[in-house]
file data_12.tsv (TSV, C-alpha atoms and all ligand atoms)
chain	number	residue	atom	x	y	z
D	1	MET	CA	-3.22	-11.07	128.78
D	2	GLU	CA	-6.22	-13.27	129.57
D	3	LEU	CA	-6.74	-16.14	127.14
D	4	TYR	CA	-10.14	-17.48	126.08
D	5	ILE	CA	-11.30	-20.30	123.82
D	6	ASP	CA	-13.45	-18.97	120.98
D	7	ASP	CA	-15.18	-22.28	120.30
D	8	ALA	CA	-18.17	-24.30	121.49
D	9	ASN	CA	-16.75	-27.70	120.57
D	10	ILE	CA	-16.98	-29.70	123.81
D	11	GLU	CA	-14.04	-32.01	123.09
D	12	ALA	CA	-11.80	-29.07	122.14
D	13	ILE	CA	-12.81	-27.13	125.27
D	14	LYS	CA	-12.12	-30.15	127.54
D	15	ARG	CA	-8.70	-30.70	125.97
D	16	LEU	CA	-7.62	-27.05	126.03
D	17	ILE	CA	-8.85	-26.44	129.61
D	18	ASP	CA	-6.89	-29.51	130.71
D	19	LEU	CA	-3.64	-28.46	129.02
D	20	TYR	CA	-3.40	-24.67	128.93
D	21	PRO	CA	-3.89	-21.75	131.37
D	22	ILE	CA	-7.31	-20.77	130.01
D	23	ASP	CA	-9.51	-18.04	131.54
D	24	GLY	CA	-12.81	-19.09	129.97
D	25	VAL	CA	-14.84	-19.58	126.82
D	26	THR	CA	-16.36	-17.06	124.43
D	27	THR	CA	-19.28	-17.83	122.16
D	28	ASN	CA	-21.41	-16.03	119.61
D	29	PRO	CA	-24.52	-17.13	117.68
D	30	SER	CA	-22.45	-18.37	114.71
D	31	ILE	CA	-20.20	-20.45	116.98
D	32	LEU	CA	-23.29	-21.99	118.59
D	33	ALA	CA	-24.79	-22.70	115.15
D	34	LYS	CA	-21.58	-24.49	114.11
D	35	ALA	CA	-21.90	-26.86	117.09
D	36	ARG	CA	-25.44	-27.85	115.92
D	37	LYS	CA	-26.72	-28.56	119.45
D	38	ASP	CA	-29.45	-27.13	121.65
D	39	PRO	CA	-27.89	-23.82	122.85
D	40	LYS	CA	-29.14	-24.12	126.44
D	41	GLU	CA	-27.76	-27.65	126.83
D	42	LEU	CA	-24.51	-26.76	125.09
D	43	LEU	CA	-23.84	-23.63	127.15
D	44	SER	CA	-24.76	-25.47	130.39
D	45	GLU	CA	-22.31	-28.22	129.44
D	46	ILE	CA	-19.58	-25.63	128.75
D	47	ARG	CA	-20.29	-24.01	132.14
D	48	ARG	CA	-19.95	-27.43	133.85
D	49	ILE	CA	-16.61	-28.08	132.12
D	50	ILE	CA	-15.04	-24.69	132.84
D	51	GLY	CA	-16.43	-24.39	136.39
D	52	GLU	CA	-17.74	-21.29	138.14
D	53	ASP	CA	-14.36	-19.53	138.37
D	54	ARG	CA	-13.79	-19.15	134.64
D	55	ILE	CA	-15.72	-16.62	132.57
D	56	LEU	CA	-18.29	-17.62	129.96
D	57	PHE	CA	-19.27	-15.06	127.28
D	58	VAL	CA	-22.72	-15.44	125.73
D	59	GLN	CA	-24.21	-13.04	123.18
D	60	ALA	CA	-27.64	-11.42	123.39
D	61	LEU	CA	-29.66	-11.85	120.18
D	62	PRO	CA	-32.22	-9.03	119.85
D	63	LEU	CA	-31.18	-5.84	118.08
D	64	ASP	CA	-33.22	-3.49	120.29
D	65	ALA	CA	-32.10	-2.38	123.75
D	66	LYS	CA	-35.16	-3.75	125.57
D	67	GLY	CA	-34.71	-7.19	124.02
D	68	MET	CA	-30.95	-7.16	124.67
D	69	ILE	CA	-31.56	-6.35	128.35
D	70	GLU	CA	-34.12	-9.14	128.71
D	71	ASP	CA	-31.75	-11.61	126.99
D	72	ALA	CA	-28.87	-10.47	129.21
D	73	LYS	CA	-30.82	-11.07	132.42
D	74	LYS	CA	-31.89	-14.53	131.27
D	75	ILE	CA	-28.32	-15.40	130.20
D	76	VAL	CA	-26.85	-14.49	133.61
D	77	GLU	CA	-29.71	-16.25	135.44
D	78	SER	CA	-29.11	-19.40	133.36
D	79	PHE	CA	-25.29	-19.60	133.33
D	80	GLY	CA	-24.26	-17.88	136.56
D	81	SER	CA	-22.86	-14.57	137.72
D	82	ASN	CA	-19.46	-15.24	136.12
D	83	THR	CA	-21.08	-14.88	132.71
D	84	ILE	CA	-20.50	-11.78	130.59
D	85	VAL	CA	-23.12	-10.80	128.04
D	86	LYS	CA	-21.88	-9.82	124.59
D	87	ILE	CA	-23.85	-6.92	123.19
D	88	PRO	CA	-23.32	-5.71	119.59
D	89	SER	CA	-21.70	-2.25	119.59
D	90	ILE	CA	-24.54	-0.48	117.78
D	91	PRO	CA	-26.66	2.45	119.03
D	92	GLU	CA	-29.30	0.22	120.69
D	93	GLY	CA	-26.43	-1.81	122.14
D	94	PHE	CA	-24.89	1.22	123.88
D	95	LYS	CA	-28.31	1.95	125.40
D	96	ALA	CA	-28.49	-1.63	126.69
D	97	ILE	CA	-24.90	-1.55	128.01
D	98	LYS	CA	-25.67	1.65	130.00
D	99	GLU	CA	-28.76	0.08	131.59
D	100	LEU	CA	-27.09	-3.27	132.29
D	101	LYS	CA	-24.17	-1.47	133.95
D	102	LYS	CA	-26.65	0.19	136.35
D	103	GLU	CA	-28.13	-3.24	137.11
D	104	GLY	CA	-24.71	-4.79	137.80
D	105	ILE	CA	-24.66	-7.09	134.74
D	106	ARG	CA	-21.25	-7.21	133.04
D	107	THR	CA	-21.16	-6.75	129.27
D	108	CYS	CA	-18.75	-6.98	126.37
D	109	GLY	CA	-19.28	-4.56	123.49
D	110	THR	CA	-18.81	-6.91	120.55
D	111	VAL	CA	-18.71	-6.64	116.73
D	112	VAL	CA	-16.12	-3.85	117.03
D	113	TYR	CA	-14.57	-2.76	113.74
D	114	THR	CA	-13.65	0.85	114.59
D	115	PRO	CA	-11.85	2.51	117.52
D	116	LEU	CA	-14.69	4.95	118.18
D	117	GLN	CA	-17.17	2.07	118.44
D	118	ALA	CA	-14.95	0.72	121.23
D	119	TYR	CA	-14.82	4.18	122.81
D	120	LEU	CA	-18.64	4.35	122.93
D	121	ALA	CA	-19.01	0.83	124.35
D	122	ALA	CA	-16.37	1.50	127.04
D	123	LYS	CA	-17.90	4.86	127.94
D	124	ALA	CA	-21.35	3.26	128.15
D	125	GLY	CA	-19.94	0.89	130.79
D	126	ALA	CA	-18.85	-2.31	129.01
D	127	SER	CA	-16.32	-4.43	130.93
D	128	TYR	CA	-14.75	-5.64	127.65
D	129	VAL	CA	-14.76	-4.54	124.02
D	130	ALA	CA	-14.20	-7.12	121.28
D	131	PRO	CA	-12.50	-5.93	118.09
D	132	TYR	CA	-12.36	-8.47	115.22
D	133	VAL	CA	-8.71	-8.52	114.14
D	134	ASN	CA	-8.82	-10.82	111.12
D	135	ARG	CA	-12.10	-9.47	109.78
D	136	ILE	CA	-10.61	-5.96	109.90
D	137	ASP	CA	-7.52	-7.27	108.06
D	138	ASN	CA	-9.82	-8.76	105.42
D	139	MET	CA	-11.41	-5.35	104.85
D	140	GLY	CA	-8.00	-4.03	103.83
D	141	TYR	CA	-7.15	-2.35	107.15
D	142	ASP	CA	-4.64	-3.35	109.82
D	143	GLY	CA	-6.54	-5.24	112.55
D	144	VAL	CA	-3.64	-5.28	115.00
D	145	ALA	CA	-3.11	-1.51	114.57
D	146	VAL	CA	-6.83	-0.88	115.21
D	147	VAL	CA	-6.64	-2.89	118.45
D	148	LYS	CA	-3.53	-0.98	119.58
D	149	LYS	CA	-5.38	2.28	118.97
D	150	ILE	CA	-8.29	1.01	121.06
D	151	GLN	CA	-5.86	0.07	123.85
D	152	ASN	CA	-4.50	3.63	123.82
D	153	ILE	CA	-8.05	5.03	123.94
D	154	LEU	CA	-8.96	2.86	126.94
D	155	GLU	CA	-5.75	3.72	128.81
D	156	ASN	CA	-5.66	7.44	128.02
D	157	ASN	CA	-9.31	7.95	128.97
D	158	GLY	CA	-9.05	5.88	132.15
D	159	PHE	CA	-11.89	3.54	131.17
D	160	ASP	CA	-12.46	0.51	133.40
D	161	CYS	CA	-12.70	-1.71	130.32
D	162	LYS	CA	-10.46	-4.36	128.78
D	163	ILE	CA	-9.94	-5.39	125.19
D	164	LEU	CA	-11.10	-8.89	124.28
D	165	ALA	CA	-9.36	-9.16	120.91
D	166	ALA	CA	-11.15	-11.70	118.68
D	167	SER	CA	-11.22	-13.14	115.18
D	168	PHE	CA	-7.64	-14.39	114.91
D	169	LYS	CA	-6.43	-16.53	112.06
D	170	ASN	CA	-2.78	-16.91	113.09
D	171	SER	CA	-0.58	-16.76	116.17
D	172	ASN	CA	1.41	-13.78	114.90
D	173	GLN	CA	-1.66	-11.55	115.25
D	174	VAL	CA	-1.98	-12.75	118.87
D	175	LEU	CA	1.75	-12.33	119.54
D	176	GLU	CA	1.79	-8.63	118.64
D	177	LEU	CA	-1.17	-7.88	120.88
D	178	CYS	CA	0.21	-9.98	123.74
D	179	GLU	CA	3.44	-7.98	123.54
D	180	TYR	CA	1.41	-4.76	123.55
D	181	GLY	CA	-0.35	-5.90	126.74
D	182	VAL	CA	-3.98	-5.99	125.65
D	183	GLY	CA	-6.39	-7.28	128.29
D	184	ALA	CA	-7.52	-10.49	126.63
D	185	ALA	CA	-7.51	-12.53	123.45
D	186	THR	CA	-9.96	-15.18	122.37
D	187	CYS	CA	-8.81	-17.77	119.85
D	188	SER	CA	-10.02	-20.94	118.19
D	189	ALA	CA	-8.47	-24.22	119.31
D	190	ASP	CA	-6.21	-24.44	116.26
D	191	VAL	CA	-4.79	-20.94	116.84
D	192	ILE	CA	-4.08	-21.71	120.54
D	193	ASP	CA	-2.38	-24.98	119.56
D	194	SER	CA	-0.30	-23.08	117.00
D	195	PHE	CA	1.40	-21.15	119.85
D	196	VAL	CA	3.49	-24.29	120.43
D	197	ASN	CA	3.26	-26.12	117.09
D	198	ASN	CA	6.88	-26.07	116.09
D	199	ALA	CA	9.14	-28.88	114.86
D	200	ALA	CA	12.13	-27.39	116.71
D	201	ILE	CA	10.29	-27.62	120.04
D	202	ASP	CA	9.26	-31.25	119.35
D	203	LYS	CA	12.84	-32.17	118.37
D	204	ALA	CA	14.32	-30.52	121.47
D	205	VAL	CA	12.07	-32.43	123.88
D	206	ASP	CA	12.59	-35.71	121.98
D	207	ASP	CA	16.37	-35.25	122.14
D	208	PHE	CA	16.24	-34.79	125.92
D	209	VAL	CA	14.32	-38.04	126.32
D	210	LYS	CA	16.67	-39.97	123.98
D	211	ASP	CA	19.83	-38.63	125.65
D	212	PHE	CA	18.62	-39.63	129.12
D	213	GLU	CA	17.59	-43.06	127.81
D	214	LYS	CA	21.08	-43.56	126.38
D	215	LEU	CA	22.63	-42.61	129.69
D	216	THR	CA	20.37	-44.61	132.04
D	217	GLY	CA	17.99	-46.80	130.01
D	218	LYS	CA	15.22	-45.09	132.00
D	219	HIS	CA	12.48	-42.60	131.13
D	220	SER	CA	12.12	-40.55	134.29
D	221	MET	CA	14.12	-39.08	137.14
D	222	LYS	CA	11.99	-40.97	139.66
D	223	GLU	CA	13.39	-44.26	138.30
D	224	VAL	CA	16.99	-43.21	139.01
D	225	LEU	CA	16.53	-41.29	142.29
D	301	LIG	O1	-16.77	-13.59	118.52
D	301	LIG	C1	-16.09	-12.94	117.49
D	301	LIG	C2	-15.18	-13.82	116.75
D	301	LIG	O2	-15.45	-15.14	117.10
D	301	LIG	C3	-15.25	-13.67	115.27
D	301	LIG	O3	-14.33	-14.55	114.75
D	301	LIG	O4	-13.42	-16.09	113.11
D	301	LIG	O5	-15.82	-15.39	112.93
D	301	LIG	O6	-13.99	-13.78	112.41
D	301	LIG	P1	-14.40	-14.97	113.20
call {"tool": "encode", "arguments": {"input": "data_12.tsv", "output": "structure tokens"}}
result
Amino acid sequence: MELYIDDANIEAIKRLIDLYPIDGVTTNPSILAKARKDPKELLSEIRRIIGEDRILFVQALPLDAKGMIEDAKKIVESFGSNTIVKIPSIPEGFKAIKELKKEGIRTCGTVVYTPLQAYLAAKAGASYVAPYVNRIDNMGYDGVAVVKKIQNILENNGFDCKILAASFKNSNQVLELCEYGVGAATCSADVIDSFVNNAAIDKAVDDFVKDFEKLTGKHSMKEVL
């Protein structure tokens, strides 16, 4: 499962890229608004931090296909070919995804709440589809179950499209989908940190350090070898 940071906070991105095996950064207009910076400068800064090899997801704003296509071209021109354009999975969005596929621009069908929305985005030619796990949970449905259904649809129809599961509020939602083998998950910094936030883990590593100190008075193997 690929792992993305669903955040535009520069300090958080720098820290997470440094520590964890991260495949890139995903953004949407609300995430950019939260950062309260000029979007062009902010996205350029994120591209500099993550380098050309990691993927950056940027969302097109217009709600008509023509506008989405124009936004998509400008986004890829501005942030490089390893940028995937998020397109809302609505009728005009499917039209834009079809056209962008022909032009070789990779897209992610986003704002996915239903399995058949994902089916349409994948069939139109999206490289990723982004179902919103926690928002689906909050509507009284089972977000993880919806994503599993989408995974079955993609596999059983032979679509060349991965899931980019989004909108997580806890690591257990991510765990179930990781076990199921979905293509990718994008999480906020606090959810990624929560994968290893555990007092038992902290105690175990502290005990190793203390035991070695008691034995040797040293803090590393290099001091005793
Ligand atoms: O990009 C989609 C995802 O970020 C939505 O997450 O936390 O706003 O439900 P959230």
call {"tool": "closest_atom_pairs", "arguments": {"input": "data_12.tsv", "of": "stretch 70-148 of chain D", "to": "stretch 15-38 of chain D", "cutoff": "12 Å", "atoms": "only C-alpha atoms", "output": "tab-separated table"}}
result
residue	atom	partner	partner_atom	distance
D:Asn82	CA	D:Gly24	CA	9.8
D:Thr83	CA	D:Gly24	CA	9.7
D:Ile84	CA	D:Thr26	CA	9.1
D:Val85	CA	D:Thr26	CA	9.9
D:Lys86	CA	D:Asn28	CA	8.0
D:Ile87	CA	D:Asn28	CA	10.1
D:Pro88	CA	D:Asn28	CA	10.5
D:Cys108	CA	D:Thr26	CA	10.5
D:Thr110	CA	D:Asn28	CA	9.5
D:Val111	CA	D:Asn28	CA	10.2
D:Tyr128	CA	D:Thr26	CA	12.0
D:Ala130	CA	D:Thr26	CA	10.6
call {"tool": "closest_residue", "arguments": {"input": "data_12.tsv", "among": "D:Ala184, D:Tyr119, D:Lys203, D:Val191", "to": "D:Asn156", "atoms": "only C-alpha atoms"}}
result
D:Tyr119
call {"tool": "closest_residue", "arguments": {"input": "data_12.tsv", "among": "D:Ala200, D:Val129, D:Ile75, D:Val147", "to": "ligand LIG 301 (chain D)", "atoms": "only C-alpha atoms and all ligand atoms"}}
result
D:Val129
call {"tool": "closest_residue", "arguments": {"input": "data_12.tsv", "among": "D:Ala65, D:Val196, D:Ala118, D:Val224", "to": "D:Gly93", "atoms": "all atoms listed in the file"}}
result
D:Ala65
call {"tool": "residues_around", "arguments": {"input": "data_12.tsv", "residues": "D:Leu177", "least_positions_apart": "4", "cutoff": "8 Å", "atoms": "only C-alpha atoms", "output": "list of chain:residue names"}}
result
D:Val144, D:Val147, D:Lys148, D:Gln173, D:Gly181, D:Val182
call {"tool": "atom_distance", "arguments": {"input": "data_12.tsv", "atom1": "atom CA of D:Arg47", "atom2": "atom CA of D:Ile105"}}
result
17.7 Å
call {"tool": "residues_around", "arguments": {"input": "data_12.tsv", "residues": "D:Val133", "least_positions_apart": "4", "cutoff": "12 Å", "atoms": "all atoms listed in the file", "output": "PyMOL selection string"}}
result
chain D and resi 111-115+137-148+150+163-174+176-177+185-187
call {"tool": "axis_aligned_box", "arguments": {"input": "data_12.tsv", "around": "stretch 18-32 of chain D", "padding_each_side": "6 Å", "output": "lines of an AutoDock Vina configuration file"}}
result
center_x = -14.0
center_y = -22.8
center_z = 123.1
size_x = 33.1
size_y = 25.5
size_z = 28.8
call {"tool": "atom_distance", "arguments": {"input": "data_12.tsv", "atom1": "atom CA of D:Ala121", "atom2": "atom CA of D:Asn9"}}
result
28.9 Å
call {"tool": "closest_residue", "arguments": {"input": "data_12.tsv", "among": "D:Asp211, D:Glu92, D:Glu2, D:Asp190", "to": "ligand LIG 301 (chain D)", "atoms": "all atoms listed in the file"}}
result
D:Asp190
call {"tool": "closest_residue", "arguments": {"input": "data_12.tsv", "among": "D:Lys74, D:Lys102, D:Lys210, D:Lys95", "to": "D:Ala60", "atoms": "only C-alpha atoms"}}
result
D:Lys74
call {"tool": "closest_residue", "arguments": {"input": "data_12.tsv", "among": "D:Ala204, D:Ile192, D:Val58, D:Ile13", "to": "ligand LIG 301 (chain D)", "atoms": "all atoms listed in the file"}}
result
D:Val58
call {"tool": "atom_distance", "arguments": {"input": "data_12.tsv", "atom1": "atom CA of D:Asp71", "atom2": "atom CA of D:Leu100"}}
result
10.9 Å
call {"tool": "residues_around", "arguments": {"input": "data_12.tsv", "residues": "D:Glu223", "least_positions_apart": "5", "cutoff": "12 Å", "atoms": "all atoms listed in the file", "output": "PyMOL selection string"}}
result
chain D and resi 212-213+216-218
